[in-house]
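Below is one structure, written out as structure tokens, with a few remarks after it.
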There are 4 protein chains.
Amino acid sequence: MTHRSEDTLVALLSGPDGPGIVAATSGWIAERDGLILHADQHSDLEAGIFFQRLEWVSSAPEPAREADDFAAFARTLGMAARVTSAAVRPRVAVLVSRIDHCFQDLLYRWRTGELHADLTGVISNHPDLREDTERHRLPFHHVPVTANTRDDAEARTLALLDEWKTDLAVMARYMQILSPAFLERFARPVINIHHSFLPAFSGARPYHQAHTRGVKLIGATAHYATAILDDGPIIAQDVAPVTHRDSVPDLIRKGRDLERTVFARAVRLHCEHRVLAYHNKTVVFE
Amino acid sequence: MTHRSEDTLVALLSGPDGPGIVAATSGWIAERDGLILHADQHSDLEAGIFFQRLEWVSSAPEPAREADDFAAFARTLGMAARVTSAAVRPRVAVLVSRIDHCFQDLLYRWRTGELHADLTGVISNHPDLREDTERHRLPFHHVPVTANTRDDAEARTLALLDEWKTDLAVMARYMQILSPAFLERFARPVINIHHSFLPAFSGARPYHQAHTRGVKLIGATAHYATAILDDGPIIAQDVAPVTHRDSVPDLIRKGRDLERTVFARAVRLHCEHRVLAYHNKTVVFE
Amino acid sequence: MTHRSEDTLVALLSGPDGPGIVAATSGWIAERDGLILHADQHSDLEAGIFFQRLEWVSSAPEPAREADDFAAFARTLGMAARVTSAAVRPRVAVLVSRIDHCFQDLLYRWRTGELHADLTGVISNHPDLREDTERHRLPFHHVPVTANTRDDAEARTLALLDEWKTDLAVMARYMQILSPAFLERFARPVINIHHSFLPAFSGARPYHQAHTRGVKLIGATAHYATAILDDGPIIAQDVAPVTHRDSVPDLIRKGRDLERTVFARAVRLHCEHRVLAYHNKTVVFE
Amino acid sequence: MTHRSEDTLVALLSGPDGPGIVAATSGWIAERDGLILHADQHSDLEAGIFFQRLEWVSSAPEPAREADDFAAFARTLGMAARVTSAAVRPRVAVLVSRIDHCFQDLLYRWRTGELHADLTGVISNHPDLREDTERHRLPFHHVPVTANTRDDAEARTLALLDEWKTDLAVMARYMQILSPAFLERFARPVINIHHSFLPAFSGARPYHQAHTRGVKLIGATAHYATAILDDGPIIAQDVAPVTHRDSVPDLIRKGRDLERTVFARAVRLHCEHRVLAYHNKTVVFE
């Protein structure tokens with residue numbers, strides 16, 4: 001569990017592997033009388049990359065400044081670093097269509113305090129979820145998308161995400177494909193939930209594909225959206241058993257429970273600064 | 001659990017769906033004072049096909065004859081039927097290469113009586129498992145396969161399978177592809193174990209593929225071999241969680257436990273007459 | 001999947017095992033030109049009890065009358081039978097305290113049509129969930145319980161359940177123990193969700209017990225409430241992995257996802273007439 | 001994966017929590033030009049205890065000496081430490097009765113090199129597994145146990161374990177209870193596999209208990225044996241689904257697959273120096 005006071009800092013580092021990095025980063029913290037709560041690291045020996053997640057209680061009078069200082073220090077070690085106070089709640093915007101189980105589940109986790117994030121607003125290509133959104137005192141924007149209006153819709157979506165100072169966008173069963181141009185301009189992470197065990201059954205109607213193939217397990221995959229559809233770095237996956245008795249509607253029903261837990265898990269891991277993406281994979285520090 | 005005395009019969013039926021089939025088959029048995037132990041049925045409503053597995057204690061003086069009579073009766077209902085005494089043990093031949101965890105596991109289940117089948121012999125394209133095979137008093141044949149000798153090797157394999165009166169051939173990590181011609185001439189079921197969650201990562205080196213794609217679960221799939229590689233009807237599948245810490249050797253190690261249990265499960269289900277294949281899928285009556 | 005038109009009937013039977021029962025029941029249906037959709041049976045060989053679930057499309061002009069006729073016929077076979085139209089939705093009342101994840105989840109499944117039941121009202125010993133209940137146009141009754149008022153509270157609860165013509169009461173994390181007298185007078189099934197893998201950690205604070213014992217899996221169990229606490233027939237169970245890193249709050253968070261799916265599964269199975277309880281166990285026809 | 005050359009060292013530390021420990025231990029290694037491969041730590045905040053597992057490549061001319069030096073240094077931090085070369089293979093003795101699936105599985109993992117340990121010998125209260133043991137060129141000792149001879153049998157067992165310089169004893173379904181006196185005199189870890197999800201169904205015949213209670217999952221638990229039966233610190237657990245169709249023999253069959261994987265997992269984790277026991281729990285660094 002994360003200690004979420006302002007003086008608790010979380011750093012995610014990555015860079016060229018080599019001796020002494022663990023000692024250097026933990027030594028830097030010890031010199032400043034910091035108390036390390038969690039330290040987790042990983043070396044991809046093939047790629048020669050070192051990854052670390054550090055969480056410590058700072059005793060500096062201005063923890064925000066210590067965060068900047070640590071990031072600067074990490075750069076001297078050749079490391080890219082994101083450092084933040086554990087108290088900072090990422091600002092998360094939700095994209096959704098009509099199917100609402102992931103959406104409702106995320107809202108529930110948010111309002112009960114389980115999700116360490118601030119939801120900023122909801123954008124949908126359908127009007128259906130306005131009431132459920134506004135009841136939670138969140139802004140709802142209906143941004144319809146047609147073949148002809150996609151560019152405009154994306155521009156409007158982007159403007160809203162910017163206006164909301166969005167740190168993370170999540171596609172809670174948003175049945176539209178975000179264009180490469182959109183992703184490039186947004187330039188912040190987007191988490192998508194796909195209703196299959198990727199890379200099996202990418203693209204449209206995965207439960208129908210699964211039924212046709214006669215698999216004995218169905219799956220769900222949460223990943224970062226990239227320019228290639230259903231191909232981004234995978235954050236979380238799970239499966240559930242099915243049998244010959246399960247029709248496509250049964251698969252859809254069973255899949256809903258999978259999708260919402262896998263989606264919520266990925267969003268939680270990201271918001272707790274536990275995920276580093278590289279080479280189309282992820283390191284997930286749990 | 002199956003009652004394995006000679007007077008216990010097992011029937012697998014399939015054919016066009018319609019009213020009265022359950023009554024007809026169970027009525028036929030009741031008229032002959034049979035006691036139904038298990039009756040399981042399934043209707044594929046889209047395809048209009050009815051499937052049934054019946055297991056009953058016959059009170060006929062010659063149960064083998066009642067089996068034939070039942071099959072004839074089923075044909076009058078438009079059903080294809082396989083009927084056998086539960087005491088009959090299918091004759092199973094093993095194809096294997098060098099990697100032996102599925103092989104050893106199958107032998108263990110066979111000699112402890114868990115597997116309701118008679119192993120008839122082992123064919124391998126490597127000589128390594130001769131001793132382990134012969135210690136179990138089973139014949140071992142080393143049939144090397146090279147690009148030039150495949151046709152001869154398959155002919156020799158086929159001759160051995162025929163000589164052993166094989167009902168089922170199982171590929172216990174047999175690292176050769178059986179040709180469509182072989183499968184057509186053998187004309188009996190062949191179960192293969194593939195070390196991925198099919199249809200993901202079909203073909204060669206699935207653990208390497210899984211590692212490259214960065215999945216968070218690895219899988220194993222047992223299926224009937226068909227002319228198209230890794231595409232046959234799936235009998236059983238399972239998965240295990242992996243993380244960024246798992247190298248390819250770790251995936252291979254974790255996968256071994258999956259493969260042997262999924263493989264053993266599929267062979268057991270088949271040998272207990274619980275599997276019906278149709279339209280590249282299976283009905284599995286458990 | 002259940003066909004939920006009025007002419008689809010579902011029967012649950014149980015009684016002394018013997019030859020000819022499957023033929024008798026399916027024959028009765030066939031004689032009346034019924035089409036069996038599903039037929040599932042089980043024999044407890046030790047106890048000598050036969051169980052069956054039948055689902056068929058009746059061609060009778062008055063299916064409700066055929067249901068009664070079938071029940072009468074079953075009694076001539078020595079069987080107890082519950083027969084109902086698949087279109088009939090059981091009337092389900094909800095008991096809940098403050099912790100609301102099972103409650104919210106059940107409401108969601110109900111309003112999206114996944115749950116084949118009519119919710120009739122909510123009774124709580126706390127006032128917190130009034131707004132969420134009434135927004136769904138369901139009656140909410142705050143029935144506080146103290147050591148001194150338990151008898152009165154149970155009497156009032158019973159009166160409400162009777163008024164609502166309740167078929168099933170569900171305890172969606174209702175943190176009160178229903179007295180044996182209450183259960184006897186209510187005389188209809190009550191489903192409870194316990195937040196452990198029963199029989200481990202029965203009673204109070206199971207996640208604290210689990211943390212103290214250092215288990216590597218936590219569980220949830222849905223069962224029928226009986227006069228003995230946490231001891232009734234188990235309908236559904238599931239577990240999730242935990243590690244030394246998980247504090248009690250982590251167990252509680254991970255457990256929530258388990259509890260709501262296990263609870264929803266048990267309620268669904270019951271409402272689809274798939275559960276028969278006997279000898280403190282259940283037969284679950286899935 | 002562990003690098004198993006002689007110059008790779010593994011340390012397990014535990015002691016009072018406080019600031020600077022991570023920096024101190026990693027700094028000590030960095031000063032000696034060691035390369036940390038893995039560093040994992042955990043703080044039990046309630047108990048105030050710090051745990052760490054460090055794995056590093058030493059550049060010292062005598063790594064064994066560096067191991068001693070590190071242990072001495074750890075003591076100056078108030079930490080208890082076990083430090084060893086990753087190349088050292090723990091010496092493991094096997095206790096077994098007649099049921100041999102865990103035994104055969106362990107032997108298989110050992111001879112294929114999956115288990116990083118040296119098996120030293122087998123002690124059994126039955127003669128059955130002599131041949132299978134000796135075929136692997138391991139000593140087999142039949143030490144019968146009766147109510148009257150238990151003390152003698154334990155003395156003989158202890159003498160053999162000492163003679164073999166045993167680091168770890170494993171009970172691979174050894175159907176005898178080791179006395180508190182034996183455990184005290186042996187004074188080294190003993191891993192047992194119990195065929196239930198502890199703490200449910202401790203003691204005799206857990207599958208019969210599970211069948212009577214009507215659970216929907218069966219389990220297996222590997223734990224360190226202590227003076228109280230089935231109560232020691234849990235290292236690994238897993239479960240498998242069962243239904244009303246499963247008789248006790250079915251539970252036993254399904255349980256075998258669980259038991260051997262859970263047992264093998266616990267033995268592997270221990271032999272790779274990944275387990276620290278405290279307060280009747282374990283920290284497992286995976």
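The chains in the structure tokens are called A, B, ... from first to last as shown; in each chain the residues are counted from 1, and the ligands are counted from 1 in the order shown.
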
Practice prompt. Would you list the contacts of Asp118 in chain B as a ChimeraX atom specification, taking every protein, DNA or RNA residue within 12 Å and counting only C-alpha atoms, but skipping same-chain residues closer than 6 positions in sequence?
Written response: /B:87-94,106-107,109-111,138,164-169,267-268,271

Quick one: write out the picked residues with N, CA, C and O atoms as a tab-separated table (two decimals), in the first residue's frame?
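Output below, filename again28.tsv:
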chain	number	residue	atom	x	y	z
B	87	ALA	N	-15.52	-51.04	-20.04
B	87	ALA	CA	-14.35	-51.83	-19.66
B	87	ALA	C	-13.29	-51.84	-20.75
B	87	ALA	O	-12.13	-52.16	-20.49
B	88	VAL	N	-13.68	-51.54	-21.98
B	88	VAL	CA	-12.72	-51.52	-23.09
B	88	VAL	C	-11.76	-50.37	-22.90
B	88	VAL	O	-12.18	-49.23	-22.72
B	89	ARG	N	-10.48	-50.66	-22.95
B	89	ARG	CA	-9.47	-49.62	-22.79
B	89	ARG	C	-8.94	-49.25	-24.16
B	89	ARG	O	-8.39	-50.10	-24.86
B	90	PRO	N	-9.08	-47.98	-24.55
B	90	PRO	CA	-8.55	-47.58	-25.86
B	90	PRO	C	-7.05	-47.87	-25.94
B	90	PRO	O	-6.33	-47.78	-24.94
B	91	ARG	N	-6.60	-48.21	-27.11
B	91	ARG	CA	-5.18	-48.52	-27.35
B	91	ARG	C	-4.50	-47.24	-27.85
B	91	ARG	O	-4.82	-46.75	-28.93
B	92	VAL	N	-3.54	-46.76	-27.06
B	92	VAL	CA	-2.94	-45.45	-27.29
B	92	VAL	C	-1.46	-45.58	-27.61
B	92	VAL	O	-0.71	-46.16	-26.83
B	93	ALA	N	-1.05	-45.02	-28.74
B	93	ALA	CA	0.38	-44.98	-29.10
B	93	ALA	C	0.92	-43.58	-28.88
B	93	ALA	O	0.21	-42.59	-29.09
B	94	VAL	N	2.19	-43.52	-28.47
B	94	VAL	CA	2.79	-42.24	-28.11
B	94	VAL	C	3.86	-41.85	-29.12
B	94	VAL	O	4.77	-42.64	-29.40
B	106	LEU	N	2.47	-38.94	-18.72
B	106	LEU	CA	1.48	-39.88	-19.26
B	106	LEU	C	1.79	-41.31	-18.78
B	106	LEU	O	0.90	-42.05	-18.37
B	107	LEU	N	3.08	-41.66	-18.83
B	107	LEU	CA	3.47	-42.99	-18.36
B	107	LEU	C	3.13	-43.17	-16.89
B	107	LEU	O	2.66	-44.24	-16.48
B	109	ARG	N	0.75	-41.69	-15.15
B	109	ARG	CA	-0.71	-41.83	-14.97
B	109	ARG	C	-1.18	-43.21	-15.47
B	109	ARG	O	-2.14	-43.76	-14.96
B	110	TRP	N	-0.49	-43.71	-16.47
B	110	TRP	CA	-0.86	-45.02	-17.00
B	110	TRP	C	-0.52	-46.13	-16.01
B	110	TRP	O	-1.35	-46.97	-15.66
B	111	ARG	N	0.70	-46.09	-15.47
B	111	ARG	CA	1.08	-47.21	-14.61
B	111	ARG	C	0.43	-47.14	-13.24
B	111	ARG	O	0.32	-48.17	-12.55
B	138	LEU	N	7.29	-51.50	-22.63
B	138	LEU	CA	6.61	-51.05	-23.85
B	138	LEU	C	7.62	-51.05	-24.98
B	138	LEU	O	8.81	-50.76	-24.77
B	164	TRP	N	-0.02	-52.09	-33.98
B	164	TRP	CA	-0.42	-52.02	-32.57
B	164	TRP	C	-1.94	-51.88	-32.40
B	164	TRP	O	-2.41	-51.70	-31.28
B	165	LYS	N	-2.68	-51.89	-33.51
B	165	LYS	CA	-4.15	-51.72	-33.45
B	165	LYS	C	-4.50	-50.46	-32.66
B	165	LYS	O	-5.34	-50.48	-31.73
B	166	THR	N	-3.85	-49.37	-33.01
B	166	THR	CA	-3.97	-48.11	-32.28
B	166	THR	C	-5.35	-47.48	-32.48
B	166	THR	O	-5.83	-47.36	-33.60
B	167	ASP	N	-5.96	-47.09	-31.37
B	167	ASP	CA	-7.22	-46.33	-31.43
B	167	ASP	C	-6.97	-44.83	-31.44
B	167	ASP	O	-7.76	-44.06	-31.96
B	168	LEU	N	-5.89	-44.43	-30.79
B	168	LEU	CA	-5.59	-43.01	-30.60
B	168	LEU	C	-4.08	-42.84	-30.60
B	168	LEU	O	-3.38	-43.59	-29.93
B	169	ALA	N	-3.59	-41.87	-31.37
B	169	ALA	CA	-2.18	-41.51	-31.29
B	169	ALA	C	-2.06	-40.18	-30.57
B	169	ALA	O	-2.89	-39.28	-30.79
B	267	VAL	N	-6.20	-36.29	-23.02
B	267	VAL	CA	-6.12	-37.73	-23.31
B	267	VAL	C	-7.13	-38.49	-22.44
B	267	VAL	O	-7.83	-39.39	-22.92
B	268	ARG	N	-7.25	-38.11	-21.17
B	268	ARG	CA	-8.21	-38.75	-20.29
B	268	ARG	C	-9.64	-38.56	-20.78
B	268	ARG	O	-10.43	-39.51	-20.86
B	271	CYS	N	-10.24	-40.72	-23.78
B	271	CYS	CA	-10.28	-42.16	-23.47
B	271	CYS	C	-11.51	-42.54	-22.67
B	271	CYS	O	-11.89	-43.71	-22.63

Fill in: chain B contacts to chain D at 8 Å (only C-alpha atoms) as a VMD selection string
chain B and resid 1 114 246 to 247 250 253 257 261

Store the residues picked out above, limited to N, CA and C atoms, as a compact mmCIF listing (two decimals), in the first residue's frame.
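Result written to part_26.txt:
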# COMPACT_ATOMS: atom_id res chain seq x y z
N MET B 1 -17.28 -40.46 -12.17
CA MET B 1 -16.38 -41.60 -12.40
C MET B 1 -17.10 -42.70 -13.19
N GLU B 114 -4.43 -44.36 -13.35
CA GLU B 114 -5.30 -43.18 -13.50
C GLU B 114 -5.84 -43.07 -14.92
N ASP B 246 10.07 -12.89 -15.89
CA ASP B 246 10.24 -14.22 -16.47
C ASP B 246 10.96 -14.16 -17.81
N SER B 247 12.11 -14.78 -17.86
CA SER B 247 12.85 -14.92 -19.12
C SER B 247 12.24 -16.08 -19.91
N ASP B 250 12.32 -19.25 -18.04
CA ASP B 250 11.28 -19.29 -17.00
C ASP B 250 9.94 -19.69 -17.61
N ARG B 253 9.95 -23.32 -18.23
CA ARG B 253 9.77 -24.09 -16.99
C ARG B 253 8.33 -24.04 -16.50
N ASP B 257 4.61 -27.41 -16.55
CA ASP B 257 3.54 -27.87 -15.65
C ASP B 257 2.17 -27.73 -16.29
N THR B 261 -0.39 -31.16 -17.64
CA THR B 261 -1.74 -31.35 -17.10
C THR B 261 -2.80 -31.16 -18.19

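In this model, the gap between CA of Pro189 in chain D and CA of Ala240 in chain D comes to 27.7 Å.
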
Item to complete: From the DSSP assignment of the backbone, select every residue of range 39-269 of chain D that is strand (DSSP E), and format the answer as a ChimeraX atom specification.
Response: /D:39-44,49-57,80-85,91-96,118-124,140-142,168-171,190-194,217-224,234-241

Worksheet item: Quick one: of B:Val283, B:Ala181, B:Ile218, B:Ala236, who's nearest to Arg265 in chain B, counting only C-alpha atoms?
Response: B:Ala236

Discussion item. When you look at Ile177 in chain A with a cut-off of 12 Å (counting only C-alpha atoms), what residues show up, excluding the ones that are within fewer than 5 positions of it in the same chain? I need them as a PyMOL selection string.
Written reply: chain A and resi 95-97+125+145-147+150-151+153-154+171+182-183+190+192+194+203-204+225-230

Worksheet item: Could you pull out all residues of range 45-201 of chain B with a DSSP call of helix (DSSP H, G or I) and give them as a PyMOL selection string?
Response: chain B and resi 63-76+101-111+130-135+150-163+180-186

Export of the given selection (N, CA and C atoms) as a short mmCIF file (atom, residue, chain, number, x, y, z; two decimals), in the first residue's frame:
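Saved file result37.cif follows:
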data_model
loop_
_atom_site.label_atom_id
_atom_site.label_comp_id
_atom_site.auth_asym_id
_atom_site.auth_seq_id
_atom_site.Cartn_x
_atom_site.Cartn_y
_atom_site.Cartn_z
N PRO B 63 -23.59 -57.87 -23.19
CA PRO B 63 -23.57 -56.40 -23.30
C PRO B 63 -23.00 -55.93 -24.65
N ALA B 64 -22.02 -56.66 -25.19
CA ALA B 64 -21.41 -56.22 -26.45
C ALA B 64 -22.46 -56.18 -27.55
N ARG B 65 -23.36 -57.13 -27.47
CA ARG B 65 -24.43 -57.17 -28.47
C ARG B 65 -25.42 -56.01 -28.25
N GLU B 66 -25.69 -55.71 -26.99
CA GLU B 66 -26.58 -54.57 -26.73
C GLU B 66 -25.96 -53.28 -27.26
N ALA B 67 -24.64 -53.18 -27.17
CA ALA B 67 -23.96 -52.01 -27.71
C ALA B 67 -24.25 -51.86 -29.20
N ASP B 68 -24.12 -52.97 -29.93
CA ASP B 68 -24.39 -52.93 -31.37
C ASP B 68 -25.86 -52.59 -31.65
N ASP B 69 -26.72 -53.20 -30.85
CA ASP B 69 -28.15 -52.94 -31.04
C ASP B 69 -28.47 -51.46 -30.81
N PHE B 70 -27.84 -50.89 -29.78
CA PHE B 70 -28.12 -49.48 -29.50
C PHE B 70 -27.65 -48.60 -30.65
N ALA B 71 -26.46 -48.91 -31.17
CA ALA B 71 -25.93 -48.12 -32.29
C ALA B 71 -26.87 -48.20 -33.48
N ALA B 72 -27.40 -49.40 -33.73
CA ALA B 72 -28.34 -49.56 -34.85
C ALA B 72 -29.61 -48.74 -34.60
N PHE B 73 -30.09 -48.79 -33.33
CA PHE B 73 -31.28 -48.02 -32.98
C PHE B 73 -31.03 -46.52 -33.18
N ALA B 74 -29.84 -46.06 -32.73
CA ALA B 74 -29.52 -44.64 -32.86
C ALA B 74 -29.55 -44.21 -34.33
N ARG B 75 -29.10 -45.09 -35.21
CA ARG B 75 -29.11 -44.75 -36.64
C ARG B 75 -30.53 -44.54 -37.14
N THR B 76 -31.48 -45.27 -36.57
CA THR B 76 -32.89 -45.06 -36.99
C THR B 76 -33.39 -43.68 -36.58
N HIS B 101 8.55 -34.19 -20.54
CA HIS B 101 7.68 -34.04 -19.36
C HIS B 101 6.27 -34.57 -19.62
N CYS B 102 5.72 -34.34 -20.82
CA CYS B 102 4.38 -34.87 -21.11
C CYS B 102 4.43 -36.39 -21.20
N PHE B 103 5.48 -36.89 -21.79
CA PHE B 103 5.68 -38.34 -21.92
C PHE B 103 5.77 -39.02 -20.56
N GLN B 104 6.64 -38.50 -19.69
CA GLN B 104 6.81 -39.12 -18.37
C GLN B 104 5.53 -39.05 -17.56
N ASP B 105 4.86 -37.93 -17.68
CA ASP B 105 3.62 -37.75 -16.94
C ASP B 105 2.55 -38.74 -17.41
N LEU B 106 2.47 -38.94 -18.72
CA LEU B 106 1.48 -39.88 -19.26
C LEU B 106 1.79 -41.31 -18.78
N LEU B 107 3.08 -41.66 -18.83
CA LEU B 107 3.47 -42.99 -18.36
C LEU B 107 3.13 -43.17 -16.89
N TYR B 108 3.35 -42.13 -16.10
CA TYR B 108 3.05 -42.22 -14.67
C TYR B 108 1.56 -42.45 -14.44
N ARG B 109 0.75 -41.69 -15.15
CA ARG B 109 -0.71 -41.83 -14.97
C ARG B 109 -1.18 -43.21 -15.47
N TRP B 110 -0.49 -43.71 -16.47
CA TRP B 110 -0.86 -45.02 -17.00
C TRP B 110 -0.52 -46.13 -16.01
N ARG B 111 0.70 -46.09 -15.47
CA ARG B 111 1.08 -47.21 -14.61
C ARG B 111 0.43 -47.14 -13.24
N ARG B 130 14.44 -44.44 -25.09
CA ARG B 130 14.33 -45.90 -25.18
C ARG B 130 14.30 -46.56 -23.80
N GLU B 131 15.27 -46.20 -22.99
CA GLU B 131 15.37 -46.89 -21.70
C GLU B 131 14.13 -46.68 -20.83
N ASP B 132 13.70 -45.41 -20.75
CA ASP B 132 12.51 -45.13 -19.94
C ASP B 132 11.27 -45.85 -20.48
N THR B 133 11.21 -46.01 -21.78
CA THR B 133 10.07 -46.72 -22.36
C THR B 133 10.14 -48.21 -22.04
N GLU B 134 11.32 -48.79 -22.30
CA GLU B 134 11.43 -50.25 -22.16
C GLU B 134 11.33 -50.70 -20.71
N ARG B 135 11.74 -49.84 -19.80
CA ARG B 135 11.56 -50.16 -18.39
C ARG B 135 10.08 -50.38 -18.05
N ARG B 150 11.05 -38.01 -44.73
CA ARG B 150 9.76 -37.87 -44.05
C ARG B 150 8.73 -38.87 -44.54
N ASP B 151 8.65 -39.06 -45.84
CA ASP B 151 7.63 -39.98 -46.36
C ASP B 151 7.87 -41.40 -45.84
N ASP B 152 9.12 -41.82 -45.88
CA ASP B 152 9.44 -43.15 -45.36
C ASP B 152 9.14 -43.26 -43.87
N ALA B 153 9.52 -42.22 -43.14
CA ALA B 153 9.30 -42.24 -41.69
C ALA B 153 7.81 -42.32 -41.38
N GLU B 154 7.02 -41.57 -42.13
CA GLU B 154 5.57 -41.61 -41.88
C GLU B 154 5.00 -42.98 -42.23
N ALA B 155 5.52 -43.58 -43.30
CA ALA B 155 5.03 -44.91 -43.68
C ALA B 155 5.36 -45.92 -42.58
N ARG B 156 6.59 -45.80 -42.04
CA ARG B 156 6.98 -46.74 -40.99
C ARG B 156 6.15 -46.50 -39.73
N THR B 157 5.92 -45.23 -39.41
CA THR B 157 5.09 -44.88 -38.25
C THR B 157 3.69 -45.46 -38.41
N LEU B 158 3.14 -45.29 -39.59
CA LEU B 158 1.80 -45.78 -39.87
C LEU B 158 1.73 -47.31 -39.73
N ALA B 159 2.75 -47.97 -40.20
CA ALA B 159 2.77 -49.43 -40.11
C ALA B 159 2.78 -49.87 -38.65
N LEU B 160 3.57 -49.18 -37.83
CA LEU B 160 3.62 -49.51 -36.41
C LEU B 160 2.26 -49.26 -35.75
N LEU B 161 1.67 -48.10 -36.03
CA LEU B 161 0.37 -47.78 -35.43
C LEU B 161 -0.67 -48.82 -35.81
N ASP B 162 -0.61 -49.28 -37.07
CA ASP B 162 -1.56 -50.31 -37.51
C ASP B 162 -1.28 -51.63 -36.79
N GLU B 163 -0.01 -51.99 -36.75
CA GLU B 163 0.38 -53.23 -36.09
C GLU B 163 -0.09 -53.26 -34.64
N PRO B 180 -0.74 -33.99 -43.99
CA PRO B 180 -2.15 -34.26 -44.26
C PRO B 180 -2.36 -35.68 -44.79
N ALA B 181 -1.44 -36.16 -45.63
CA ALA B 181 -1.58 -37.52 -46.16
C ALA B 181 -1.53 -38.56 -45.03
N PHE B 182 -0.62 -38.36 -44.10
CA PHE B 182 -0.53 -39.27 -42.96
C PHE B 182 -1.83 -39.29 -42.17
N LEU B 183 -2.33 -38.10 -41.85
CA LEU B 183 -3.56 -38.03 -41.05
C LEU B 183 -4.72 -38.69 -41.77
N GLU B 184 -4.77 -38.49 -43.08
CA GLU B 184 -5.87 -39.08 -43.84
C GLU B 184 -5.77 -40.60 -43.85
N ARG B 185 -4.57 -41.11 -44.01
CA ARG B 185 -4.43 -42.56 -44.04
C ARG B 185 -4.61 -43.18 -42.66
N PHE B 186 -4.15 -42.51 -41.64
CA PHE B 186 -4.31 -43.05 -40.28
C PHE B 186 -5.80 -43.08 -39.92
#
